[in-house]
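Engineer: Next up is a structure, given as structure tokens.
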Amino acid sequence: MRTLRDLNWIEADDSGSAFGVGAHALLSGTAYLDRDPALPYAYETLEDLRAELGYTIHYARREASHVFYLASRESRDSVRIVSRVGRRLPAHLTGLGQALLSQLTEAEVSEVLPTELEGFTPATITDHDQLRTVLDEVRSRGWSLEREQGTSGVACVAVAVEYRIPATDAISCSMPIQLATEVEVQRVADALMSHTHRLAATLRRHGIR
């Protein structure tokens, strides 16, 4: 711990008994984002989607059973203070994660996910059979929809960015649950499908894999 503190990977209080993340950890995370060749193109797509839809837009990547948020564009009327970039969430309870899990076979999903699915809200899917049914629906229509599974009061539509096989990245649009009517969800899904397909084609054209 002393070595990590000396290297600024962690910080400690005067007593040396309480620790927190240091500046070098932030720099390491920033370096990861800076060297990702897909993100400059993704940033443009996020801006376009926010302008078109008016909601908060996220870009995330699946690593095993979790998704990591790599970029976000908050809606203009958002009161969020803490950025979601760098946050890690279980894939099964996010629209982003469900969109990416649907890219896998049932056997691959079973291998990736833990036996016990963690619940964040009363709406979180914690039953594997129910989740399999949801993922089949996502595969059929091409986009995921979760209502208050990760955050109470929020609905999320997400689409995988298919420049890799299986896709590792996805884009989502979050909106207040009361605005997530059937018509509005379809409008959002259509926009996400259009923009993510265009982004995937751009990434493939530039040889980004």
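Starting from 1 in every chain, residues are counted up; chains themselves are A, B, ... following the order of the structure tokens, and ligands are numbered from 1 as listed.
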Please provide the set of residues having any atom within 9 Å of A:Ala180, restricted to only C-alpha atoms, with same-chain residues fewer than 5 positions apart removed, written as a PDB file with all heavy atoms, in the first residue's frame.
Structural biologist:
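File selection-v8.pdb, as written:
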```
ATOM      1  N   ARG A 147     -36.771  -1.236 -18.522  1.00  0.00           N
ATOM      2  CA  ARG A 147     -37.528  -0.239 -17.766  1.00  0.00           C
ATOM      3  C   ARG A 147     -37.220  -0.382 -16.278  1.00  0.00           C
ATOM      4  O   ARG A 147     -37.625  -1.373 -15.655  1.00  0.00           O
ATOM      5  CB  ARG A 147     -39.029  -0.414 -17.999  1.00  0.00           C
ATOM      6  CG  ARG A 147     -39.468  -0.182 -19.444  1.00  0.00           C
ATOM      7  CD  ARG A 147     -40.959  -0.440 -19.595  1.00  0.00           C
ATOM      8  NE  ARG A 147     -41.425  -0.270 -20.950  1.00  0.00           N
ATOM      9  CZ  ARG A 147     -41.878   0.883 -21.444  1.00  0.00           C
ATOM     10  NH1 ARG A 147     -41.914   1.953 -20.666  1.00  0.00           N
ATOM     11  NH2 ARG A 147     -42.292   0.962 -22.699  1.00  0.00           N
ATOM     12  N   VAL A 154     -36.081   5.334 -14.715  1.00  0.00           N
ATOM     13  CA  VAL A 154     -35.392   5.503 -15.998  1.00  0.00           C
ATOM     14  C   VAL A 154     -35.652   4.307 -16.902  1.00  0.00           C
ATOM     15  O   VAL A 154     -35.584   3.159 -16.469  1.00  0.00           O
ATOM     16  CB  VAL A 154     -33.867   5.676 -15.802  1.00  0.00           C
ATOM     17  CG1 VAL A 154     -33.153   5.742 -17.148  1.00  0.00           C
ATOM     18  CG2 VAL A 154     -33.578   6.924 -14.980  1.00  0.00           C
ATOM     19  N   ALA A 155     -35.941   4.580 -18.176  1.00  0.00           N
ATOM     20  CA  ALA A 155     -36.041   3.545 -19.203  1.00  0.00           C
ATOM     21  C   ALA A 155     -34.878   3.727 -20.171  1.00  0.00           C
ATOM     22  O   ALA A 155     -34.378   4.842 -20.346  1.00  0.00           O
ATOM     23  CB  ALA A 155     -37.359   3.646 -19.956  1.00  0.00           C
ATOM     24  N   CYS A 156     -34.459   2.645 -20.786  1.00  0.00           N
ATOM     25  CA  CYS A 156     -33.285   2.700 -21.645  1.00  0.00           C
ATOM     26  C   CYS A 156     -33.473   1.812 -22.870  1.00  0.00           C
ATOM     27  O   CYS A 156     -33.875   0.659 -22.745  1.00  0.00           O
ATOM     28  CB  CYS A 156     -32.052   2.257 -20.857  1.00  0.00           C
ATOM     29  SG  CYS A 156     -30.524   2.306 -21.801  1.00  0.00           S
ATOM     30  N   MET A 175     -34.119   7.709 -20.833  1.00  0.00           N
ATOM     31  CA  MET A 175     -35.183   8.709 -20.733  1.00  0.00           C
ATOM     32  C   MET A 175     -35.998   8.480 -19.467  1.00  0.00           C
ATOM     33  O   MET A 175     -36.015   7.366 -18.925  1.00  0.00           O
ATOM     34  CB  MET A 175     -36.093   8.622 -21.960  1.00  0.00           C
ATOM     35  CG  MET A 175     -36.935   7.361 -22.012  1.00  0.00           C
ATOM     36  SD  MET A 175     -37.745   7.109 -23.610  1.00  0.00           S
ATOM     37  CE  MET A 175     -36.383   6.385 -24.522  1.00  0.00           C
ATOM     38  N   VAL A 185     -40.600   5.136 -27.595  1.00  0.00           N
ATOM     39  CA  VAL A 185     -39.579   4.081 -27.599  1.00  0.00           C
ATOM     40  C   VAL A 185     -39.246   3.674 -29.034  1.00  0.00           C
ATOM     41  O   VAL A 185     -38.073   3.488 -29.381  1.00  0.00           O
ATOM     42  CB  VAL A 185     -40.043   2.861 -26.775  1.00  0.00           C
ATOM     43  CG1 VAL A 185     -39.169   1.642 -27.069  1.00  0.00           C
ATOM     44  CG2 VAL A 185     -40.015   3.188 -25.292  1.00  0.00           C
TER      45      VAL A 185
END
```
Engineer: When you look at stretch 100-113 of chain A with a cut-off of 10 Å (counting only C-alpha atoms), what residues show up, excluding the ones that are within fewer than 4 positions of it in the same chain? I need them as a ChimeraX atom specification.
Structural biologist: /A:60-67,90-92,94-96,117,128,131-132,134-140,142-144,158-162,165-171
Engineer: Could you give me, as a ChimeraX atom specification, the residues within 9 Å of stretch 192-204 of chain A, counting only C-alpha atoms and dropping anything in the same chain fewer than 2 positions from it?
Structural biologist: /A:37-38,41-42,45-46,48-49,142-143,157-164,170-173,187-190,206-209
Engineer: Would you mind telling me which residue in A:Thr121, A:Gly54, A:Ser75, A:Gly150 lies nearest to A:Leu89 when using only C-alpha atoms?
Structural biologist: A:Gly150
Engineer: Provide the atom CA of A:Thr115 to atom CA of A:Gly86 distance in Å, to one decimal place.
Structural biologist: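 Distance reported for this atom pair: 25.2 Å.
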Engineer: Write out as a PyMOL selection string all residues of stretch 19-139 of chain A that DSSP puts in helix (DSSP H, G or I) for this structure's backbone.
Structural biologist: chain A and resi 23-35+39-53+91-93+95-101+106-112+128-139
Engineer: DSSP says strand (DSSP E or B) for which residues of stretch 88-150 of chain A? Put them as JSON, numbers by chain?
Structural biologist: {"A": [88, 89, 90, 144, 145, 146, 147]}
Engineer: Could you state the separation of atom CA of A:Ile57 and atom CA of A:Thr151 in Å, given to one decimal place?
Structural biologist: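 Atom CA of A:Ile57 sits 15.0 Å away from atom CA of A:Thr151.
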Engineer: Would you mind reading off the distance between atom CA of A:His58 and atom CA of A:Asp127, one decimal, in Å?
Structural biologist: 25.9 Å
